[in-house]
Amino acid sequence: MIFERAARREFAHAAAGIFVALFAIIISTQLIRLLNEAASGRLAAEAVVTLLGFAALNHLPVLFSLTLFMAILLPLSRAYRDSEMVVWFSSGLPLTAWMLPVSRFALPVVLIVAMLSLFLSPWALSYSEAYRNRLDAKSDTAQIAPGAFREASSGGRIVFVEKLSEDAGEVQNVFVTTVQEGRLGVIMADTGTQETLENGDRFLVLNRGQRYEVEPGSPEFRVMEFDRYNVRLQEAKAREIGQTPKTMSILDLDAADPREAGEILWRLGLPVSALLLAFLAAPLSFVNPRAGRSMNMIFAILVFALYNNLLSIAQAWVARGLASFSTALVAPHLLMLFLLALLFYRRLSIFAIWPTLTALLARLAGKPRAT
């Protein structure tokens, strides 16, 4: 049908613009957070792009759900503002006739949300944690950021470099503090490089500097000048990452465990909520000119936030053992189904008499006036 193709095309155009805008906001906020970690030396600069991709995958389910909701809400609101819906109802067609193009447009997006929430997002979180763990286990100089104090992963040593060479193979103006056998050592050198021996031992080789050694609480200290000073670099052992419900596969989650049951509830609730929100967008798109053009948008955003908060509350209650899994699984969606039925009832009751009223007004307008 021409009408369905036109409606789906308008939904798709709106979805493309909304997704790009929302995705840019998510990427910007995550990028700022990761760059802040990299600038402070807590994260290697080369890891920013990888972790940004993992973070984007984690946020995509909610992002697609909101995109679907707004992509249906905005075109229908425009149809109300441009009086296209008046023509629609005058032709005797109900609001429920929009459900067929809405459902055909929404189902592929809902399937994408289901794949992301059930499989891809947990995978992204798991690999993000593993990747951060591998970064933390790197040698001391692997994550040095110029202008930032960096504590060694093995502890007991703090390294500061003023700048790196152009090929990143040499550090300049190095400051190192160490604690050995209760004595504090401070090393300052002009340059430093990293060397690896044949047996695999790694050293930070400092050139042209001084070493100051002092015992806390004692006035005595020693000063040593050197042309070459080797500092052994030790690889920290990668800590074992305990599996959490957020990083576990949906096939490994056990509903008997409250925390894992709450995670199952959240993952199953996202695609269901995306579908119900797509249907809710139709009655929520009603625009009352007397109440202002933005009132329906405010109410729609409140409904979206309420729905997601209900899912979060249900997940938290199940994880804490305050609610049963079966009750929390259906209660938020039943509440939204009731709201959907109520909104459709109101809209249908308002516009069901519209053709009769227009016919009556036409007859009154055509009736000759009594003289």
# chains A, B, ... in the order shown; residues from 1 in each chain; ligands from 1

call {"tool": "residues_around", "arguments": {"residues": "range 207-212 of chain A", "least_positions_apart": "5", "cutoff": "9 Å", "atoms": "only C-alpha atoms", "output": "list in words"}}
result
Val174, Leu184, Gly185, Val186, Ile187, Met188, Ala189, Asp190, Thr191, Gly192, Thr193, Phe221, Arg222, Val223, Met224, Glu225, Phe226, Asp227, Arg228, Tyr229 and Asn230 of chain A

call {"tool": "write_last_selection", "arguments": {"atoms": "N, CA and C atoms", "output": "PDB file, in the first residue's frame"}}
result
ATOM      1  N   VAL A 174      63.480  12.608  33.264  1.00  0.00           N
ATOM      2  CA  VAL A 174      62.797  11.544  33.988  1.00  0.00           C
ATOM      3  C   VAL A 174      62.935  11.764  35.485  1.00  0.00           C
ATOM      4  N   LEU A 184      63.827   5.621  50.991  1.00  0.00           N
ATOM      5  CA  LEU A 184      63.235   6.335  49.868  1.00  0.00           C
ATOM      6  C   LEU A 184      64.325   6.762  48.908  1.00  0.00           C
ATOM      7  N   GLY A 185      64.168   6.385  47.640  1.00  0.00           N
ATOM      8  CA  GLY A 185      65.120   6.774  46.621  1.00  0.00           C
ATOM      9  C   GLY A 185      64.471   7.660  45.578  1.00  0.00           C
ATOM     10  N   VAL A 186      65.162   8.733  45.209  1.00  0.00           N
ATOM     11  CA  VAL A 186      64.688   9.662  44.182  1.00  0.00           C
ATOM     12  C   VAL A 186      65.737   9.727  43.093  1.00  0.00           C
ATOM     13  N   ILE A 187      65.317   9.429  41.856  1.00  0.00           N
ATOM     14  CA  ILE A 187      66.236   9.406  40.733  1.00  0.00           C
ATOM     15  C   ILE A 187      65.789  10.459  39.727  1.00  0.00           C
ATOM     16  N   MET A 188      66.720  11.262  39.266  1.00  0.00           N
ATOM     17  CA  MET A 188      66.465  12.247  38.222  1.00  0.00           C
ATOM     18  C   MET A 188      67.490  12.050  37.120  1.00  0.00           C
ATOM     19  N   ALA A 189      67.002  11.983  35.875  1.00  0.00           N
ATOM     20  CA  ALA A 189      67.896  11.746  34.746  1.00  0.00           C
ATOM     21  C   ALA A 189      67.453  12.580  33.566  1.00  0.00           C
ATOM     22  N   ASP A 190      68.426  12.853  32.673  1.00  0.00           N
ATOM     23  CA  ASP A 190      68.110  13.651  31.487  1.00  0.00           C
ATOM     24  C   ASP A 190      67.269  12.867  30.487  1.00  0.00           C
ATOM     25  N   THR A 191      67.664  11.619  30.225  1.00  0.00           N
ATOM     26  CA  THR A 191      66.945  10.803  29.238  1.00  0.00           C
ATOM     27  C   THR A 191      66.813   9.383  29.767  1.00  0.00           C
ATOM     28  N   GLY A 192      65.971   8.623  29.090  1.00  0.00           N
ATOM     29  CA  GLY A 192      65.786   7.224  29.449  1.00  0.00           C
ATOM     30  C   GLY A 192      65.260   6.432  28.266  1.00  0.00           C
ATOM     31  N   THR A 193      65.691   5.187  28.183  1.00  0.00           N
ATOM     32  CA  THR A 193      65.214   4.285  27.135  1.00  0.00           C
ATOM     33  C   THR A 193      64.881   2.935  27.755  1.00  0.00           C
ATOM     34  N   PHE A 221      71.551  11.269  54.348  1.00  0.00           N
ATOM     35  CA  PHE A 221      71.138  10.880  53.002  1.00  0.00           C
ATOM     36  C   PHE A 221      72.377  10.718  52.139  1.00  0.00           C
ATOM     37  N   ARG A 222      72.216  10.025  51.031  1.00  0.00           N
ATOM     38  CA  ARG A 222      73.310   9.773  50.110  1.00  0.00           C
ATOM     39  C   ARG A 222      72.953  10.324  48.729  1.00  0.00           C
ATOM     40  N   VAL A 223      73.968  10.859  48.055  1.00  0.00           N
ATOM     41  CA  VAL A 223      73.804  11.383  46.704  1.00  0.00           C
ATOM     42  C   VAL A 223      74.772  10.658  45.792  1.00  0.00           C
ATOM     43  N   MET A 224      74.242  10.188  44.662  1.00  0.00           N
ATOM     44  CA  MET A 224      75.083   9.465  43.717  1.00  0.00           C
ATOM     45  C   MET A 224      74.813   9.988  42.319  1.00  0.00           C
ATOM     46  N   GLU A 225      75.871  10.321  41.612  1.00  0.00           N
ATOM     47  CA  GLU A 225      75.743  10.728  40.223  1.00  0.00           C
ATOM     48  C   GLU A 225      76.099   9.549  39.324  1.00  0.00           C
ATOM     49  N   PHE A 226      75.414   9.456  38.190  1.00  0.00           N
ATOM     50  CA  PHE A 226      75.654   8.317  37.301  1.00  0.00           C
ATOM     51  C   PHE A 226      75.525   8.771  35.856  1.00  0.00           C
ATOM     52  N   ASP A 227      76.204   8.015  34.989  1.00  0.00           N
ATOM     53  CA  ASP A 227      76.048   8.187  33.554  1.00  0.00           C
ATOM     54  C   ASP A 227      75.030   7.204  32.987  1.00  0.00           C
ATOM     55  N   ARG A 228      74.884   6.069  33.666  1.00  0.00           N
ATOM     56  CA  ARG A 228      73.940   5.045  33.208  1.00  0.00           C
ATOM     57  C   ARG A 228      73.410   4.322  34.437  1.00  0.00           C
ATOM     58  N   TYR A 229      72.092   4.181  34.500  1.00  0.00           N
ATOM     59  CA  TYR A 229      71.452   3.536  35.663  1.00  0.00           C
ATOM     60  C   TYR A 229      70.303   2.684  35.131  1.00  0.00           C
ATOM     61  N   ASN A 230      70.312   1.407  35.512  1.00  0.00           N
ATOM     62  CA  ASN A 230      69.292   0.471  35.042  1.00  0.00           C
ATOM     63  C   ASN A 230      68.245   0.239  36.127  1.00  0.00           C
TER      64      ASN A 230
END

call {"tool": "residues_around", "arguments": {"residues": "Leu277 in chain A", "least_positions_apart": "2", "cutoff": "10 Å", "atoms": "only C-alpha atoms", "output": "list in words"}}
result
Ser65, Leu66, Leu68, Phe69, Met70, Ile72, Leu73, Ala106, Pro271, Val272, Ser273, Ala274, Leu275, Phe279, Leu280, Ala281, Ala282, Leu284, Ala300, Val303, Phe304, Tyr307, Met336, Leu337 and Leu340 of chain A

call {"tool": "write_last_selection", "arguments": {"atoms": "N, CA and C atoms", "output": "CSV table (one decimal), in the first residue's frame"}}
result
chain,number,residue,atom,x,y,z
A,65,SER,N,16.3,1.7,21.2
A,65,SER,CA,14.9,1.8,21.8
A,65,SER,C,14.4,3.2,21.7
A,66,LEU,N,15.3,4.2,22.2
A,66,LEU,CA,14.8,5.6,22.2
A,66,LEU,C,14.7,6.1,20.7
A,68,LEU,N,13.8,4.4,18.1
A,68,LEU,CA,12.6,3.8,17.5
A,68,LEU,C,11.4,4.6,18.1
A,69,PHE,N,11.4,4.9,19.3
A,69,PHE,CA,10.3,5.6,20.0
A,69,PHE,C,10.1,7.0,19.3
A,70,MET,N,11.2,7.7,19.2
A,70,MET,CA,11.2,9.1,18.7
A,70,MET,C,10.9,9.1,17.2
A,72,ILE,N,8.9,7.3,15.5
A,72,ILE,CA,7.5,7.1,15.3
A,72,ILE,C,6.7,8.3,15.8
A,73,LEU,N,7.2,8.8,17.0
A,73,LEU,CA,6.5,9.9,17.6
A,73,LEU,C,6.6,11.2,16.8
A,106,ALA,N,8.9,-1.4,13.3
A,106,ALA,CA,9.5,-1.6,14.6
A,106,ALA,C,10.1,-3.0,14.8
A,271,PRO,N,14.0,-5.5,24.7
A,271,PRO,CA,13.3,-5.6,23.5
A,271,PRO,C,11.8,-5.5,23.6
A,272,VAL,N,11.2,-6.0,24.7
A,272,VAL,CA,9.8,-5.9,24.9
A,272,VAL,C,9.4,-4.5,25.1
A,273,SER,N,10.2,-3.7,25.9
A,273,SER,CA,9.9,-2.3,26.1
A,273,SER,C,10.0,-1.5,24.8
A,274,ALA,N,11.0,-1.9,23.9
A,274,ALA,CA,11.1,-1.2,22.7
A,274,ALA,C,9.9,-1.4,21.8
A,275,LEU,N,9.3,-2.6,21.8
A,275,LEU,CA,8.1,-2.8,21.0
A,275,LEU,C,6.9,-2.1,21.6
A,279,PHE,N,4.5,1.2,20.0
A,279,PHE,CA,3.1,1.3,19.9
A,279,PHE,C,2.5,2.5,20.7
A,280,LEU,N,3.2,2.8,21.8
A,280,LEU,CA,2.8,3.9,22.6
A,280,LEU,C,3.0,5.3,21.9
A,281,ALA,N,3.9,5.3,21.0
A,281,ALA,CA,4.2,6.5,20.3
A,281,ALA,C,3.0,7.0,19.5
A,282,ALA,N,2.2,6.1,19.0
A,282,ALA,CA,1.0,6.5,18.2
A,282,ALA,C,0.0,7.4,19.0
A,284,LEU,N,0.6,8.8,21.9
A,284,LEU,CA,1.3,9.9,22.6
A,284,LEU,C,1.6,11.0,21.6
A,300,ALA,N,5.7,12.3,26.5
A,300,ALA,CA,6.2,11.1,25.9
A,300,ALA,C,7.6,10.8,26.5
A,303,VAL,N,7.1,9.3,29.8
A,303,VAL,CA,6.7,7.9,29.7
A,303,VAL,C,7.9,7.0,29.5
A,304,PHE,N,8.8,7.4,28.6
A,304,PHE,CA,10.0,6.7,28.2
A,304,PHE,C,10.8,6.5,29.5
A,307,TYR,N,9.2,4.2,32.0
A,307,TYR,CA,9.3,2.7,31.6
A,307,TYR,C,10.7,2.2,32.0
A,336,MET,N,2.4,-0.8,31.3
A,336,MET,CA,2.5,-0.1,30.1
A,336,MET,C,1.4,-0.5,29.1
A,337,LEU,N,1.1,-1.8,29.1
A,337,LEU,CA,0.0,-2.2,28.3
A,337,LEU,C,-1.3,-1.6,28.7
A,340,LEU,N,-1.2,1.9,27.4
A,340,LEU,CA,-1.4,1.9,26.0
A,340,LEU,C,-2.9,1.7,25.6

call {"tool": "closest_residue", "arguments": {"among": "A:Ser128, A:Tyr345, A:Glu220, A:Val205", "to": "Ala47 in chain A", "atoms": "only C-alpha atoms"}}
result
A:Ser128

call {"tool": "closest_residue", "arguments": {"among": "A:Leu204, A:Leu339, A:Leu306, A:Ala328", "to": "Glu263 in chain A", "atoms": "only C-alpha atoms"}}
result
A:Ala328

call {"tool": "select_by_dssp", "arguments": {"residues": "range 263-303 of chain A", "states": "alpha helix (DSSP H)", "output": "number ranges by chain"}}
result
A: 263-284, 295-303

call {"tool": "write_last_selection", "arguments": {"atoms": "C-alpha atoms", "output": "short mmCIF file (atom, residue, chain, number, x, y, z; two decimals), in the first residue's frame"}}
result
data_model
loop_
_atom_site.label_atom_id
_atom_site.label_comp_id
_atom_site.auth_asym_id
_atom_site.auth_seq_id
_atom_site.Cartn_x
_atom_site.Cartn_y
_atom_site.Cartn_z
CA GLU A 263 20.17 -9.33 34.85
CA ILE A 264 17.98 -11.76 32.88
CA LEU A 265 15.01 -9.54 33.68
CA TRP A 266 16.78 -6.44 32.32
CA ARG A 267 17.98 -8.11 29.12
CA LEU A 268 14.57 -9.58 28.31
CA GLY A 269 12.81 -6.34 29.20
CA LEU A 270 14.70 -4.15 26.72
CA PRO A 271 13.30 -5.63 23.46
CA VAL A 272 9.81 -5.93 24.95
CA SER A 273 9.90 -2.30 26.09
CA ALA A 274 11.14 -1.21 22.65
CA LEU A 275 8.11 -2.81 21.00
CA LEU A 276 5.61 -1.40 23.49
CA LEU A 277 7.15 2.07 23.26
CA ALA A 278 6.79 1.95 19.47
CA PHE A 279 3.06 1.30 19.89
CA LEU A 280 2.78 3.93 22.64
CA ALA A 281 4.23 6.54 20.30
CA ALA A 282 1.02 6.55 18.22
CA PRO A 283 -1.42 7.78 20.91
CA LEU A 284 1.28 9.90 22.56
CA MET A 295 3.29 19.21 25.70
CA ASN A 296 2.95 15.79 24.07
CA MET A 297 6.74 15.57 23.66
CA ILE A 298 7.28 16.29 27.34
CA PHE A 299 4.72 13.67 28.32
CA ALA A 300 6.23 11.14 25.88
CA ILE A 301 9.75 11.61 27.29
CA LEU A 302 8.35 11.18 30.81
CA VAL A 303 6.69 7.91 29.74
#

call {"tool": "atom_distance", "arguments": {"atom1": "CA of Ala44 in chain A", "atom2": "CA of Phe23 in chain A"}}
result
24.1 Å

call {"tool": "closest_atom_pairs", "arguments": {"of": "range 42-109 of chain A", "to": "range 16-19 of chain A", "cutoff": "8 Å", "atoms": "only C-alpha atoms", "output": "Markdown table"}}
result
| residue | atom | partner | partner_atom | distance |
| --- | --- | --- | --- | --- |
| A:Leu63 | CA | A:Phe19 | CA | 7.5 |
| A:Phe64 | CA | A:Phe19 | CA | 7.4 |
| A:Thr67 | CA | A:Phe19 | CA | 5.7 |
| A:Met70 | CA | A:Ile18 | CA | 7.5 |
| A:Ala71 | CA | A:Ile18 | CA | 7.1 |

call {"tool": "closest_residue", "arguments": {"among": "A:Ile2, A:Leu310, A:Ile26, A:Leu322", "to": "Arg259 in chain A", "atoms": "only C-alpha atoms"}}
result
A:Leu322

call {"tool": "residues_around", "arguments": {"residues": "range 35-37 of chain A", "least_positions_apart": "5", "cutoff": "10 Å", "atoms": "only C-alpha atoms", "output": "ChimeraX atom specification"}}
result
/A:30,42-45,47-49

call {"tool": "closest_residue", "arguments": {"among": "A:Leu100, A:Ala261, A:Ala341, A:Leu95", "to": "Leu76 in chain A", "atoms": "only C-alpha atoms"}}
result
A:Leu95

call {"tool": "closest_residue", "arguments": {"among": "A:Glu260, A:Asp252, A:Glu4, A:Glu46", "to": "Phe119 in chain A", "atoms": "only C-alpha atoms"}}
result
A:Asp252

call {"tool": "select_by_dssp", "arguments": {"residues": "range 228-310 of chain A", "states": "strand (DSSP E or B)", "output": "JSON, numbers by chain"}}
result
{"A": [228, 229, 230, 231, 232, 233]}

call {"tool": "write_last_selection", "arguments": {"atoms": "N, CA and C atoms", "output": "short mmCIF file (atom, residue, chain, number, x, y, z; two decimals), in the first residue's frame"}}
result
data_model
loop_
_atom_site.label_atom_id
_atom_site.label_comp_id
_atom_site.auth_asym_id
_atom_site.auth_seq_id
_atom_site.Cartn_x
_atom_site.Cartn_y
_atom_site.Cartn_z
N ARG A 228 74.88 6.07 33.67
CA ARG A 228 73.94 5.05 33.21
C ARG A 228 73.41 4.32 34.44
N TYR A 229 72.09 4.18 34.50
CA TYR A 229 71.45 3.54 35.66
C TYR A 229 70.30 2.68 35.13
N ASN A 230 70.31 1.41 35.51
CA ASN A 230 69.29 0.47 35.04
C ASN A 230 68.25 0.24 36.13
N VAL A 231 67.00 0.37 35.76
CA VAL A 231 65.88 0.09 36.66
C VAL A 231 65.11 -1.08 36.07
N ARG A 232 65.03 -2.19 36.82
CA ARG A 232 64.34 -3.37 36.31
C ARG A 232 62.83 -3.11 36.24
N LEU A 233 62.27 -3.52 35.12
CA LEU A 233 60.82 -3.41 34.92
C LEU A 233 60.20 -4.78 35.12
#

call {"tool": "closest_residue", "arguments": {"among": "A:Ala316, A:Leu343, A:Glu129, A:Asn309", "to": "Met248 in chain A", "atoms": "only C-alpha atoms"}}
result
A:Glu129
